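For reference, work_39.txt is printed below; it contains compact mmCIF, C-alpha atoms.
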```txt
# COMPACT_ATOMS: atom_id res chain seq x y z
CA MET A 1 -140.87 -61.39 12.28
CA LYS A 2 -142.33 -63.00 15.39
CA LEU A 3 -141.28 -66.57 16.17
CA PHE A 4 -144.20 -68.85 17.05
CA ARG A 5 -143.59 -71.86 19.26
CA ILE A 6 -146.28 -74.44 18.56
CA LEU A 7 -146.90 -77.50 20.73
CA ILE A 8 -148.75 -80.30 18.89
CA PHE A 9 -150.74 -82.48 21.31
CA PRO A 10 -150.45 -85.38 20.65
CA GLY A 11 -147.78 -85.14 18.00
CA GLY A 12 -147.89 -88.76 16.83
CA THR A 13 -151.45 -89.08 15.52
CA GLU A 14 -152.21 -88.87 11.79
CA VAL A 15 -153.63 -85.42 12.53
CA GLY A 16 -150.53 -84.42 14.48
CA LEU A 17 -148.23 -85.58 11.70
CA GLU A 18 -150.19 -83.59 9.11
CA ILE A 19 -149.86 -80.48 11.30
CA ASN A 20 -146.12 -81.22 11.49
CA LYS A 21 -145.79 -81.49 7.70
CA SER A 22 -147.79 -78.30 7.25
CA LEU A 23 -145.66 -76.22 9.63
CA CYS A 24 -142.15 -77.71 9.72
CA PHE A 25 -140.90 -75.65 6.75
CA ILE A 26 -142.40 -72.34 7.91
CA LYS A 27 -139.46 -70.07 8.76
CA ASN A 28 -140.90 -68.42 11.87
CA ILE A 29 -142.41 -71.53 13.48
CA GLU A 30 -140.67 -73.86 15.93
CA LEU A 31 -142.45 -77.14 16.59
CA PHE A 32 -142.76 -79.12 19.80
CA SER A 33 -144.68 -82.32 20.48
CA THR A 34 -146.15 -83.99 23.52
CA GLY A 35 -148.21 -87.07 24.29
CA SER A 36 -148.60 -89.99 26.65
CA ASP A 37 -146.06 -92.75 27.24
CA VAL A 38 -147.20 -95.13 24.50
CA SER A 39 -145.42 -96.24 21.36
CA ASN A 40 -146.11 -93.72 18.59
CA PRO A 41 -144.24 -92.00 15.70
CA ALA A 42 -143.70 -88.64 17.44
CA PRO A 43 -140.08 -89.23 18.61
CA PHE A 44 -139.14 -89.97 14.97
CA PHE A 45 -140.70 -86.75 13.64
CA TYR A 46 -139.84 -84.12 16.26
CA LYS A 47 -136.58 -82.96 17.77
CA ASN A 48 -138.55 -81.72 20.78
CA HIS A 49 -140.94 -84.40 22.04
CA PHE A 50 -142.11 -84.72 25.65
CA ILE A 51 -144.09 -87.33 27.55
CA ILE A 52 -146.90 -86.27 29.86
CA PRO A 53 -149.74 -88.16 31.59
CA THR A 54 -152.93 -88.88 29.66
CA ILE A 55 -155.86 -86.45 29.91
CA TYR A 56 -157.58 -89.07 32.09
CA GLU A 57 -154.97 -88.66 34.85
CA LYS A 58 -155.14 -85.94 37.47
CA ASN A 59 -151.84 -84.14 36.91
CA TRP A 60 -151.84 -83.82 33.10
CA ILE A 61 -152.52 -80.06 33.15
CA ASN A 62 -149.55 -79.35 35.44
CA ALA A 63 -147.27 -81.46 33.25
CA LEU A 64 -148.53 -79.67 30.14
CA ASN A 65 -148.04 -76.25 31.73
CA ASN A 66 -144.47 -77.14 32.70
CA ILE A 67 -143.64 -77.64 29.02
CA VAL A 68 -145.53 -74.50 28.02
CA MET A 69 -143.65 -72.32 30.52
CA GLN A 70 -140.23 -73.92 29.99
CA PHE A 71 -140.30 -73.40 26.22
CA ASN A 72 -142.51 -70.29 26.01
CA ILE A 73 -145.15 -72.07 23.92
CA ASP A 74 -147.43 -69.63 22.08
CA TYR A 75 -150.10 -72.08 20.92
CA ILE A 76 -151.17 -75.64 21.64
CA PHE A 77 -152.48 -77.36 18.51
CA PRO A 78 -154.73 -80.29 19.55
CA ALA A 79 -154.59 -83.34 17.30
CA TYR A 80 -157.12 -85.75 18.83
CA ASP A 81 -160.84 -85.34 19.41
CA ASP A 82 -161.00 -85.99 23.17
CA ILE A 83 -157.96 -83.79 23.73
CA ILE A 84 -159.61 -80.90 21.89
CA VAL A 85 -162.56 -81.05 24.29
CA GLU A 86 -160.40 -81.34 27.41
CA LEU A 87 -158.11 -78.48 26.39
CA LYS A 88 -161.05 -76.18 25.71
CA ARG A 89 -162.83 -77.30 28.89
CA ASN A 90 -159.73 -76.43 30.94
CA GLU A 91 -158.62 -73.42 28.90
CA ASP A 92 -158.58 -71.09 31.90
CA LYS A 93 -156.05 -73.38 33.65
CA ILE A 94 -153.69 -73.79 30.68
CA LYS A 95 -150.95 -71.21 30.23
CA SER A 96 -151.08 -71.12 26.43
CA LYS A 97 -153.62 -70.32 23.76
CA ILE A 98 -155.50 -73.23 22.22
CA ILE A 99 -156.01 -73.41 18.46
CA SER A 100 -159.61 -74.59 18.31
CA SER A 101 -163.21 -73.59 17.81
CA PRO A 102 -165.34 -72.63 20.86
CA LEU A 103 -166.04 -75.22 23.56
CA GLU A 104 -169.73 -75.35 22.67
CA THR A 105 -168.84 -76.38 19.09
CA CYS A 106 -166.38 -79.01 20.31
CA LEU A 107 -169.00 -80.51 22.65
CA SER A 108 -171.80 -80.36 20.07
CA THR A 109 -169.75 -82.27 17.49
CA ARG A 110 -168.17 -84.89 19.77
CA LEU A 111 -171.27 -87.13 19.86
CA LYS A 112 -172.72 -88.26 16.55
CA SER A 113 -176.21 -88.56 18.07
CA LYS A 114 -176.01 -84.86 19.04
CA ILE A 115 -175.05 -83.91 15.49
CA TYR A 116 -177.95 -85.88 14.00
CA LYS A 117 -180.43 -84.39 16.47
CA LYS A 118 -179.15 -80.85 15.92
CA PHE A 119 -179.31 -81.03 12.11
CA LYS A 120 -182.15 -83.45 11.35
CA ASP A 121 -184.50 -80.57 10.46
CA PHE A 122 -181.93 -78.86 8.23
CA LEU A 123 -179.88 -81.58 6.49
CA PRO A 124 -180.29 -85.24 5.55
CA VAL A 125 -178.87 -87.39 8.37
CA PRO A 126 -178.74 -91.18 8.76
CA HIS A 127 -181.80 -92.77 10.30
CA GLN A 128 -180.97 -93.78 13.85
CA TYR A 129 -182.82 -96.64 15.51
CA GLU A 130 -183.58 -96.00 19.17
CA SER A 131 -184.29 -99.66 19.97
CA ILE A 132 -183.89 -103.06 18.36
CA SER A 133 -187.66 -103.48 18.18
CA ASP A 134 -187.87 -100.59 15.69
CA ILE A 135 -185.66 -102.33 13.12
CA LYS A 136 -187.45 -103.38 9.96
CA GLU A 137 -184.61 -104.10 7.53
CA PHE A 138 -180.96 -105.02 7.21
CA PRO A 139 -178.07 -104.42 6.70
CA LEU A 140 -177.41 -101.87 9.44
CA PHE A 141 -174.31 -100.02 10.56
CA LEU A 142 -173.15 -99.81 14.17
CA LYS A 143 -170.65 -97.25 15.41
CA PRO A 144 -169.66 -95.65 18.73
CA ASP A 145 -171.53 -92.44 19.53
CA LYS A 146 -168.17 -90.98 20.53
CA GLY A 147 -165.46 -92.44 18.36
CA GLN A 148 -163.07 -91.91 15.50
CA GLY A 149 -160.99 -93.84 13.00
CA SER A 150 -163.68 -96.50 12.33
CA GLN A 151 -162.84 -98.19 15.62
CA ASP A 152 -165.57 -100.59 16.83
CA THR A 153 -167.74 -100.14 13.75
CA PHE A 154 -169.77 -103.03 12.35
CA LEU A 155 -171.79 -103.80 9.25
CA VAL A 156 -174.59 -106.05 10.52
CA GLU A 157 -176.50 -108.40 8.22
CA ASN A 158 -179.16 -109.92 10.54
CA MET A 159 -180.85 -109.69 13.94
CA GLU A 160 -178.83 -112.50 15.53
CA GLU A 161 -175.55 -110.80 14.66
CA LEU A 162 -176.89 -107.48 15.92
CA LYS A 163 -177.86 -108.90 19.33
CA VAL A 164 -174.46 -110.56 19.79
CA ILE A 165 -172.56 -107.32 19.04
CA MET A 166 -174.85 -105.13 21.16
CA LYS A 167 -174.35 -107.49 24.10
CA LYS A 168 -170.54 -107.31 23.82
CA LYS A 169 -170.14 -103.64 22.93
CA LYS A 170 -171.58 -100.67 24.79
CA ASN A 171 -172.44 -97.14 23.63
CA LEU A 172 -173.01 -98.13 20.00
CA ILE A 173 -175.62 -96.34 17.94
CA ILE A 174 -177.67 -98.21 15.33
CA LEU A 175 -177.85 -96.49 11.95
CA GLU A 176 -179.18 -97.20 8.51
CA TYR A 177 -176.52 -98.55 6.18
CA LEU A 178 -175.33 -96.05 3.58
CA PRO A 179 -173.84 -97.96 0.62
CA GLY A 180 -172.76 -95.06 -1.59
CA LYS A 181 -169.67 -92.92 -2.03
CA GLU A 182 -168.15 -91.15 0.96
CA TYR A 183 -166.80 -87.60 1.01
CA THR A 184 -164.91 -85.33 3.37
CA VAL A 185 -165.49 -81.62 2.96
CA ASP A 186 -162.56 -79.50 4.15
CA CYS A 187 -163.55 -76.08 5.43
CA PHE A 188 -161.98 -72.96 6.87
CA SER A 189 -163.79 -70.26 8.81
CA SER A 190 -162.86 -66.89 10.25
CA ARG A 191 -164.51 -65.71 13.45
CA THR A 192 -165.07 -62.32 11.80
CA LYS A 193 -165.68 -63.21 8.13
CA GLY A 194 -167.35 -66.61 8.40
CA LEU A 195 -166.80 -69.44 5.91
CA LEU A 196 -163.82 -68.69 3.63
CA PHE A 197 -163.13 -72.08 2.07
CA CYS A 198 -165.13 -75.22 1.36
CA GLU A 199 -164.15 -78.05 -0.96
CA GLY A 200 -164.81 -81.79 -0.95
CA ARG A 201 -162.75 -84.86 -1.64
CA GLU A 202 -163.90 -88.41 -2.22
CA ARG A 203 -162.67 -91.00 0.26
CA VAL A 204 -161.85 -93.58 -2.42
CA ARG A 205 -159.96 -96.08 -0.26
CA ILE A 206 -160.16 -96.19 3.54
CA ARG A 207 -158.01 -98.09 6.02
CA SER A 208 -158.64 -97.93 9.79
CA GLY A 209 -160.89 -94.92 9.25
CA ILE A 210 -158.15 -93.00 7.40
CA SER A 211 -158.66 -91.95 3.80
CA VAL A 212 -155.56 -93.39 2.14
CA ASN A 213 -156.69 -92.57 -1.40
CA SER A 214 -158.61 -89.40 -2.09
CA LYS A 215 -159.32 -86.99 -4.93
CA ILE A 216 -160.96 -83.56 -5.23
CA VAL A 217 -164.65 -83.56 -6.14
CA ILE A 218 -166.62 -80.45 -7.10
CA ASN A 219 -170.25 -80.51 -5.91
CA GLU A 220 -172.30 -77.38 -5.19
CA LYS A 221 -174.14 -79.26 -2.43
CA PHE A 222 -170.95 -79.30 -0.34
CA LEU A 223 -171.09 -75.51 -0.01
CA THR A 224 -174.81 -75.62 0.73
CA TYR A 225 -174.23 -78.09 3.57
CA ALA A 226 -171.24 -76.09 4.87
CA ASN A 227 -173.26 -72.87 5.04
CA ILE A 228 -176.08 -74.60 6.92
CA ILE A 229 -173.61 -76.10 9.42
CA SER A 230 -171.80 -72.77 9.83
CA LYS A 231 -175.02 -70.97 10.71
CA ARG A 232 -175.65 -73.30 13.64
CA LEU A 233 -172.13 -73.81 14.92
CA SER A 234 -169.21 -71.39 15.35
CA PHE A 235 -165.87 -72.40 13.85
CA TYR A 236 -162.48 -70.73 14.24
CA GLY A 237 -159.98 -72.00 11.67
CA ALA A 238 -159.97 -75.42 10.00
CA TRP A 239 -162.80 -77.92 10.29
CA PHE A 240 -164.44 -80.61 8.19
CA PHE A 241 -167.55 -82.71 7.83
CA GLN A 242 -168.19 -86.10 6.26
CA LEU A 243 -171.01 -87.17 3.95
CA LYS A 244 -172.10 -90.53 2.57
CA GLU A 245 -174.62 -91.41 -0.09
CA ASP A 246 -177.63 -93.55 0.78
CA SER A 247 -179.11 -96.11 -1.63
CA ASN A 248 -180.87 -93.28 -3.52
CA GLY A 249 -177.74 -91.15 -3.86
CA VAL A 250 -178.80 -88.66 -1.15
CA LEU A 251 -175.82 -87.17 0.71
CA LYS A 252 -176.27 -87.70 4.43
CA LEU A 253 -174.27 -85.96 7.16
CA MET A 254 -172.09 -88.47 9.00
CA GLU A 255 -169.97 -86.34 11.30
CA ILE A 256 -168.48 -82.90 11.93
CA ALA A 257 -165.08 -82.23 13.48
CA PRO A 258 -163.59 -78.85 14.51
CA ARG A 259 -160.00 -79.87 13.76
CA ILE A 260 -157.41 -80.68 11.11
CA ALA A 261 -157.98 -83.88 9.11
CA GLY A 262 -155.00 -86.03 8.16
CA THR A 263 -155.88 -86.05 4.46
CA MET A 264 -156.14 -82.27 4.35
CA ALA A 265 -152.68 -82.84 2.87
CA LEU A 266 -154.45 -83.09 -0.49
CA ASN A 267 -155.51 -79.45 -0.22
CA ARG A 268 -152.23 -78.40 1.43
CA VAL A 269 -150.30 -79.29 -1.72
CA ARG A 270 -152.76 -77.18 -3.72
CA GLY A 271 -151.93 -74.14 -1.58
CA ILE A 272 -154.35 -74.31 1.37
CA ASN A 273 -152.22 -74.83 4.48
CA PHE A 274 -154.97 -75.28 7.07
CA PRO A 275 -152.77 -75.39 10.21
CA LEU A 276 -150.89 -72.24 9.18
CA LEU A 277 -154.14 -70.46 8.29
CA SER A 278 -155.55 -71.49 11.68
CA ILE A 279 -152.60 -69.82 13.43
CA TYR A 280 -153.14 -66.68 11.36
CA GLU A 281 -156.85 -66.75 12.23
CA ASN A 282 -155.99 -66.80 15.93
CA GLU A 283 -153.55 -63.94 15.39
CA GLY A 284 -156.20 -61.84 13.67
CA VAL A 285 -154.24 -61.73 10.40
CA ASN A 286 -156.21 -60.78 7.30
CA ILE A 287 -156.40 -64.11 5.47
CA ASP A 288 -156.28 -64.60 1.72
CA ILE A 289 -156.60 -68.09 0.22
CA LEU A 290 -154.79 -69.01 -3.00
CA LYS A 291 -155.16 -72.45 -4.54
CA ASN A 292 -153.70 -74.13 -7.60
CA LEU A 293 -156.27 -75.51 -10.03
CA TYR A 294 -154.61 -78.71 -11.26
CA GLU A 295 -156.23 -82.12 -10.78
CA ILE A 296 -154.52 -84.11 -8.05
CA GLU A 297 -155.00 -87.39 -6.21
CA ILE A 298 -153.39 -88.53 -2.97
CA ASP A 299 -152.42 -92.07 -2.05
CA ARG A 300 -150.94 -92.83 1.34
CA ALA A 301 -148.89 -95.81 2.51
CA PHE A 302 -146.62 -96.63 5.41
CA GLN A 303 -143.45 -94.56 5.64
CA ASN A 304 -140.36 -95.87 7.40
CA ARG A 305 -138.47 -93.82 9.98
CA TYR A 306 -135.63 -95.04 12.18
CA GLU A 307 -133.84 -94.29 15.42
CA ILE A 308 -130.27 -95.59 14.99
CA SER A 309 -127.44 -95.78 17.51
CA LEU A 310 -124.69 -94.79 15.10
CA SER A 311 -122.23 -91.95 15.41
CA TYR A 312 -119.95 -90.88 12.55
CA ASN A 313 -118.18 -87.77 11.29
CA THR A 314 -117.03 -88.89 7.83
CA VAL A 315 -118.87 -90.48 4.92
CA TYR A 316 -117.00 -92.36 2.19
CA LEU A 317 -119.27 -92.42 -0.84
CA ASP A 318 -119.18 -94.29 -4.15
CA LEU A 319 -120.05 -92.57 -7.44
CA ASP A 320 -121.22 -95.11 -10.06
CA ASP A 321 -124.49 -96.93 -9.30
CA THR A 322 -124.66 -95.10 -5.98
CA LEU A 323 -124.62 -91.31 -6.34
CA ILE A 324 -125.32 -91.74 -10.06
CA LEU A 325 -127.80 -94.56 -10.62
CA LYS A 326 -129.24 -95.60 -14.00
CA ASN A 327 -127.68 -92.45 -15.49
CA LYS A 328 -129.64 -90.24 -13.09
CA VAL A 329 -128.83 -88.50 -9.82
CA ASN A 330 -129.88 -90.67 -6.90
CA LEU A 331 -132.12 -88.25 -4.99
CA LEU A 332 -131.93 -90.19 -1.74
CA VAL A 333 -128.14 -89.95 -1.75
CA ILE A 334 -128.25 -86.22 -2.55
CA LYS A 335 -130.68 -85.72 0.32
CA PHE A 336 -128.32 -87.57 2.64
CA ILE A 337 -125.33 -85.52 1.43
CA TYR A 338 -127.07 -82.28 2.33
CA GLN A 339 -128.13 -83.68 5.68
CA CYS A 340 -124.43 -84.36 6.34
CA ILE A 341 -123.48 -80.85 5.23
CA ASN A 342 -126.06 -79.38 7.62
CA ARG A 343 -124.44 -81.37 10.41
CA ASN A 344 -120.84 -80.53 9.48
CA LYS A 345 -119.90 -84.07 8.52
CA GLU A 346 -117.08 -84.73 6.05
CA ILE A 347 -118.00 -86.30 2.69
CA ILE A 348 -115.34 -88.05 0.64
CA LEU A 349 -116.12 -89.29 -2.86
CA LEU A 350 -114.25 -92.56 -3.38
CA THR A 351 -114.50 -93.77 -6.97
CA LYS A 352 -113.01 -95.99 -9.67
CA HIS A 353 -114.83 -94.11 -12.40
CA ARG A 354 -112.88 -94.45 -15.65
CA GLU A 355 -113.83 -91.13 -17.24
CA ASN A 356 -113.21 -87.60 -16.02
CA VAL A 357 -115.01 -87.42 -12.66
CA LEU A 358 -115.48 -83.66 -12.77
CA LYS A 359 -117.03 -84.05 -16.21
CA ILE A 360 -119.56 -86.63 -15.01
CA LEU A 361 -120.41 -84.49 -11.97
CA SER A 362 -120.90 -81.46 -14.23
CA LYS A 363 -123.10 -83.48 -16.58
CA HIS A 364 -125.46 -84.20 -13.68
CA LYS A 365 -125.22 -80.65 -12.23
CA ILE A 366 -123.50 -81.89 -9.07
CA ASP A 367 -121.15 -79.34 -7.51
CA PRO A 368 -117.77 -80.95 -6.69
CA ASP A 369 -117.58 -78.60 -3.70
CA LEU A 370 -120.15 -80.85 -2.01
CA PHE A 371 -117.22 -83.14 -1.26
CA ASN A 372 -114.40 -82.44 1.14
CA GLU A 373 -112.21 -84.67 -1.01
CA ILE A 374 -112.47 -86.68 -4.24
CA ILE A 375 -110.27 -89.78 -4.29
CA LEU A 376 -109.68 -91.48 -7.65
CA LEU A 377 -108.68 -95.15 -7.64
CA ARG A 378 -107.46 -97.54 -10.29
CA GLU A 379 -109.58 -100.56 -11.17
CA ASN A 380 -107.52 -102.98 -9.07
CA ASP A 381 -107.15 -100.68 -6.06
CA SER A 382 -108.93 -101.55 -2.85
CA LYS A 383 -111.16 -98.85 -1.41
CA SER A 384 -110.46 -100.12 2.08
CA ASP A 385 -106.82 -99.01 1.69
CA ARG A 386 -107.93 -95.38 1.32
CA ILE A 387 -110.24 -95.30 4.34
CA ASN A 388 -108.25 -94.00 7.29
CA LYS A 389 -110.85 -92.46 9.59
CA LYS A 390 -112.36 -94.68 12.22
CA ASP A 391 -115.48 -92.61 12.95
CA SER A 392 -116.77 -93.10 9.41
CA ILE A 393 -119.26 -95.02 7.30
CA PHE A 394 -118.98 -96.40 3.77
CA ILE A 395 -121.69 -96.32 1.07
CA ASP A 396 -121.24 -98.41 -2.09
CA ASP A 397 -123.38 -100.60 -4.34
CA SER A 398 -120.75 -103.35 -4.52
CA PHE A 399 -121.14 -106.14 -1.96
CA GLN A 400 -117.52 -107.17 -2.32
CA GLU A 401 -116.30 -103.62 -1.68
CA ARG A 402 -118.57 -103.35 1.37
CA LYS A 403 -117.43 -106.71 2.70
CA ASN A 404 -113.77 -105.80 2.25
CA VAL A 405 -114.23 -102.43 3.99
CA SER A 406 -116.21 -103.98 6.80
CA GLU A 407 -113.55 -106.62 7.48
CA LYS A 408 -110.47 -104.41 7.08
CA CYS A 409 -111.72 -101.08 8.46
CA ASN A 410 -114.33 -102.30 10.92
CA ILE A 411 -116.84 -99.57 10.06
CA PRO A 412 -120.54 -99.78 9.10
CA THR A 413 -121.22 -100.18 5.38
CA PHE A 414 -124.38 -99.40 3.41
CA ASP A 415 -125.86 -99.83 -0.01
CA CYS A 416 -128.64 -97.55 -1.31
CA SER A 417 -131.44 -99.82 -0.09
CA MET A 418 -130.15 -99.36 3.47
CA LEU A 419 -129.66 -95.62 3.26
CA GLU A 420 -133.15 -94.65 4.48
CA CYS A 421 -132.18 -95.57 8.06
CA LEU A 422 -129.66 -92.68 8.01
CA ILE A 423 -132.21 -90.04 6.94
CA ASP A 424 -133.43 -87.85 9.80
CA GLU A 425 -136.27 -85.48 8.89
CA ARG A 426 -136.99 -84.10 12.35
CA TYR A 427 -137.37 -80.33 12.45
```
Output the structure of this file as structure tokens.
Amino acid sequence: MKLFRILIFPGGTEVGLEINKSLCFIKNIELFSTGSDVSNPAPFFYKNHFIIPTIYEKNWINALNNIVMQFNIDYIFPAYDDIIVELKRNEDKIKSKIISSPLETCLSTRLKSKIYKKFKDFLPVPHQYESISDIKEFPLFLKPDKGQGSQDTFLVENMEELKVIMKKKKNLIILEYLPGKEYTVDCFSSRTKGLLFCEGRERVRIRSGISVNSKIVINEKFLTYANIISKRLSFYGAWFFQLKEDSNGVLKLMEIAPRIAGTMALNRVRGINFPLLSIYENEGVNIDILKNLYEIEIDRAFQNRYEISLSYNTVYLDLDDTLILKNKVNLLVIKFIYQCINRNKEIILLTKHRENVLKILSKHKIDPDLFNEIILLRENDSKSDRINKKDSIFIDDSFQERKNVSEKCNIPTFDCSMLECLIDERY
């Protein structure tokens, strides 16, 4: 089976992270990431992350090509709107294939005013005011013609407020305010077979332009809109469009984007892996889409990841209220144990459990072979007396045990609430 080396550019956007989650467990895909020298999550999610100049600097293509050639990159997967356009515009200079729709589609969808003009005779679009003198009613909605993530968007209640904002901000378009529900319609198209998938999801809760709560919605109009859009624009792989209801419940076309959306995760967990399907589409693979039919809702919140300057080869681990917590297996601890096994670290179970330890492990389906050693202590024994390896860490729910080990053994100690800083999910 061919190995595909995929470079996500930039890897640290919400879009880039969704591409990462979609592809990191695929057996014949190796992921790489690149982006500019700004603080972003990419170094915490990728083993292979590289810094290059921004697309607004002269030498960004050379820097990108150096990575492509050094690591034999098969495909670049763009994860930001402006980068999609620049990659396609410079495709003949870039030494890798680009996963994207044609340049004409990317250019036609980058400006909202272009979208509205192109589709006003075919689909309902928001009314756009060309000048302030045309405005008859409020509220209005202002947004950048070229923008994303709800940056620099304003709900305007009166003329005075409008004039102040328009004086401070440039390149804003003035639109009617749409007060109703908002939807994203995820789509997938083949260059040979046309539209293969179309399904909508309601954007229930939105933060910074990102749908952080969303659920599947079935509406036959979504497919009607998708077919109309597909007839006038060419799409290769994943794409989406957004709709919002006006005061009369009419669905109006807000934007179109020829890329992965971050909340496509909701369809990914139903079986539609849009990034993987997009690679297959580029490879000319005959695509078949299989989805699960259960109801599902997504809710997104901040996730912590850490870069920690800690080196260790041995883990001393407590059993009660640590590995086994509230009479259940602590899944975070089990995850950490297997991470240690993957990295050839020694795991020693250090316990004062009063019953048969093998029996309690068996009860919870935990294989004793996970541990290099199981040390049983009496109630009055000190765990610090049994720790004899300096390059080690100690995990225990008891503060007194941790304090004693820290003072006597001079090694880092952790309880379960601290354990997340030791988890490394980079692939």
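The nearest approach to Lys112 (chain A) among the residues A:Glu307, A:Glu297, A:Glu255, A:Glu420, with all atoms listed in the file taken into account, belongs to A:Glu255.
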Original post:
With distances taken over only C-alpha atoms, which of A:Glu182, A:Ile55, A:Leu361, A:Gln70 is nearest to Arg89 (chain A)?
Top reply: A:Ile55
**OP:** For Met166 (chain A), work out the shell of residues within 12 Å, counting all atoms listed in the file and skipping chain neighbours fewer than 5 positions away, then give it as a ChimeraX atom specification.
**Re:** /A:131-132,141-144,152-154,156,159-161,171-174
Selection file, C-alpha atoms, as a PDB file, keeping the file's coordinate frame:
```
ATOM      1  CA  SER A 131    -184.290 -99.660  19.970  1.00  0.00           C
ATOM      2  CA  ILE A 132    -183.890-103.060  18.360  1.00  0.00           C
ATOM      3  CA  PHE A 141    -174.310-100.020  10.560  1.00  0.00           C
ATOM      4  CA  LEU A 142    -173.150 -99.810  14.170  1.00  0.00           C
ATOM      5  CA  LYS A 143    -170.650 -97.250  15.410  1.00  0.00           C
ATOM      6  CA  PRO A 144    -169.660 -95.650  18.730  1.00  0.00           C
ATOM      7  CA  ASP A 152    -165.570-100.590  16.830  1.00  0.00           C
ATOM      8  CA  THR A 153    -167.740-100.140  13.750  1.00  0.00           C
ATOM      9  CA  PHE A 154    -169.770-103.030  12.350  1.00  0.00           C
ATOM     10  CA  VAL A 156    -174.590-106.050  10.520  1.00  0.00           C
ATOM     11  CA  MET A 159    -180.850-109.690  13.940  1.00  0.00           C
ATOM     12  CA  GLU A 160    -178.830-112.500  15.530  1.00  0.00           C
ATOM     13  CA  GLU A 161    -175.550-110.800  14.660  1.00  0.00           C
ATOM     14  CA  ASN A 171    -172.440 -97.140  23.630  1.00  0.00           C
ATOM     15  CA  LEU A 172    -173.010 -98.130  20.000  1.00  0.00           C
ATOM     16  CA  ILE A 173    -175.620 -96.340  17.940  1.00  0.00           C
ATOM     17  CA  ILE A 174    -177.670 -98.210  15.330  1.00  0.00           C
TER      18      ILE A 174
END
```
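For the residues A:Phe122, A:Phe77, A:Phe399, A:Phe44, ranking by smallest atom-to-atom distance to Gly16 (chain A) using only C-alpha atoms places A:Phe77 first.
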I'd like the contact shell of Val250 (chain A) - 12 Å cut-off, only C-alpha atoms, skipping same-chain residues fewer than 2 positions apart - returned as a PDB file with C-alpha atoms, in the coordinates of the input.
```
ATOM      1  CA  LEU A 123    -179.880 -81.580   6.490  1.00  0.00           C
ATOM      2  CA  PRO A 124    -180.290 -85.240   5.550  1.00  0.00           C
ATOM      3  CA  VAL A 125    -178.870 -87.390   8.370  1.00  0.00           C
ATOM      4  CA  PRO A 126    -178.740 -91.180   8.760  1.00  0.00           C
ATOM      5  CA  LEU A 178    -175.330 -96.050   3.580  1.00  0.00           C
ATOM      6  CA  PRO A 179    -173.840 -97.960   0.620  1.00  0.00           C
ATOM      7  CA  GLY A 180    -172.760 -95.060  -1.590  1.00  0.00           C
ATOM      8  CA  LYS A 181    -169.670 -92.920  -2.030  1.00  0.00           C
ATOM      9  CA  GLU A 182    -168.150 -91.150   0.960  1.00  0.00           C
ATOM     10  CA  LYS A 221    -174.140 -79.260  -2.430  1.00  0.00           C
ATOM     11  CA  LEU A 243    -171.010 -87.170   3.950  1.00  0.00           C
ATOM     12  CA  LYS A 244    -172.100 -90.530   2.570  1.00  0.00           C
ATOM     13  CA  GLU A 245    -174.620 -91.410  -0.090  1.00  0.00           C
ATOM     14  CA  ASP A 246    -177.630 -93.550   0.780  1.00  0.00           C
ATOM     15  CA  SER A 247    -179.110 -96.110  -1.630  1.00  0.00           C
ATOM     16  CA  ASN A 248    -180.870 -93.280  -3.520  1.00  0.00           C
ATOM     17  CA  LYS A 252    -176.270 -87.700   4.430  1.00  0.00           C
ATOM     18  CA  LEU A 253    -174.270 -85.960   7.160  1.00  0.00           C
TER      19      LEU A 253
END
```
If you take only C-alpha atoms and a cut-off of 12 Å, which residues of region 112-201 of chain A touch region 227-233 of chain A, and what are their nearest atom pairs and distances in Å to one decimal, in chain and number order, as CSV?
```
residue,atom,partner,partner_atom,distance
A:Ile115,CA,A:Ile229,CA,10.0
A:Tyr116,CA,A:Ile229,CA,11.6
A:Lys118,CA,A:Arg232,CA,8.6
A:Phe119,CA,A:Ile229,CA,8.0
A:Lys120,CA,A:Ile229,CA,11.4
A:Asp121,CA,A:Ile228,CA,10.9
A:Phe122,CA,A:Ile228,CA,7.4
A:Leu123,CA,A:Ile228,CA,8.0
A:Pro124,CA,A:Ile228,CA,11.5
A:Val185,CA,A:Ile229,CA,11.8
A:Cys187,CA,A:Ser230,CA,9.9
A:Phe188,CA,A:Ser230,CA,10.3
A:Ser189,CA,A:Ser230,CA,8.5
A:Ser190,CA,A:Ser230,CA,10.7
A:Arg191,CA,A:Ser230,CA,10.8
A:Lys193,CA,A:Ser230,CA,11.5
A:Gly194,CA,A:Ser230,CA,7.7
A:Leu195,CA,A:Ser230,CA,7.2
A:Leu196,CA,A:Asn227,CA,10.4
A:Phe197,CA,A:Asn227,CA,10.6
A:Cys198,CA,A:Asn227,CA,9.2
```
Original post:
A:Pro53, A:Gly262, A:Pro41, A:Pro275: which is nearest Val212 (chain A), counting only C-alpha atoms?
Top reply: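 That would be A:Gly262, the residue with the smallest distance to Val212 (chain A).
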**OP:** Extract, using only C-alpha atoms, all DNA, RNA and protein residues at most 8 Å from Asn48 (chain A), discarding same-chain residues fewer than 3 positions from it, and format them as a list in words.
**Re:**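 Listing them by chain and then by number gives Leu31, Phe32, Ser33 and Pro43 of chain A.
In terms of minimum interatomic distance to Lys170 (chain A), A:Asp145 ranks closest within A:Asp369, A:Thr54, A:Asp186, A:Asp145, counting all atoms listed in the file.
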**OP:** Between A:Thr105, A:Ile8, A:Gln148, A:Asp397, single out the one closest to Ser234 (chain A), counting only C-alpha atoms.
**Re:**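 Of A:Thr105, A:Ile8, A:Gln148, A:Asp397, the one nearest Ser234 (chain A), counting only C-alpha atoms, is A:Thr105.
For Val204 (chain A), the residues within 12 Å (counting all atoms listed in the file, excluding itself and residues fewer than 5 positions away along the chain) are Gly180, Lys181, Glu182, Tyr183, Thr184, Gly209, Ile210, Ser211, Val212, Asn213, Ser214, Lys215, Ile216, Val217, Lys244, Thr263, Glu297, Ile298, Asp299 and Arg300 of chain A.
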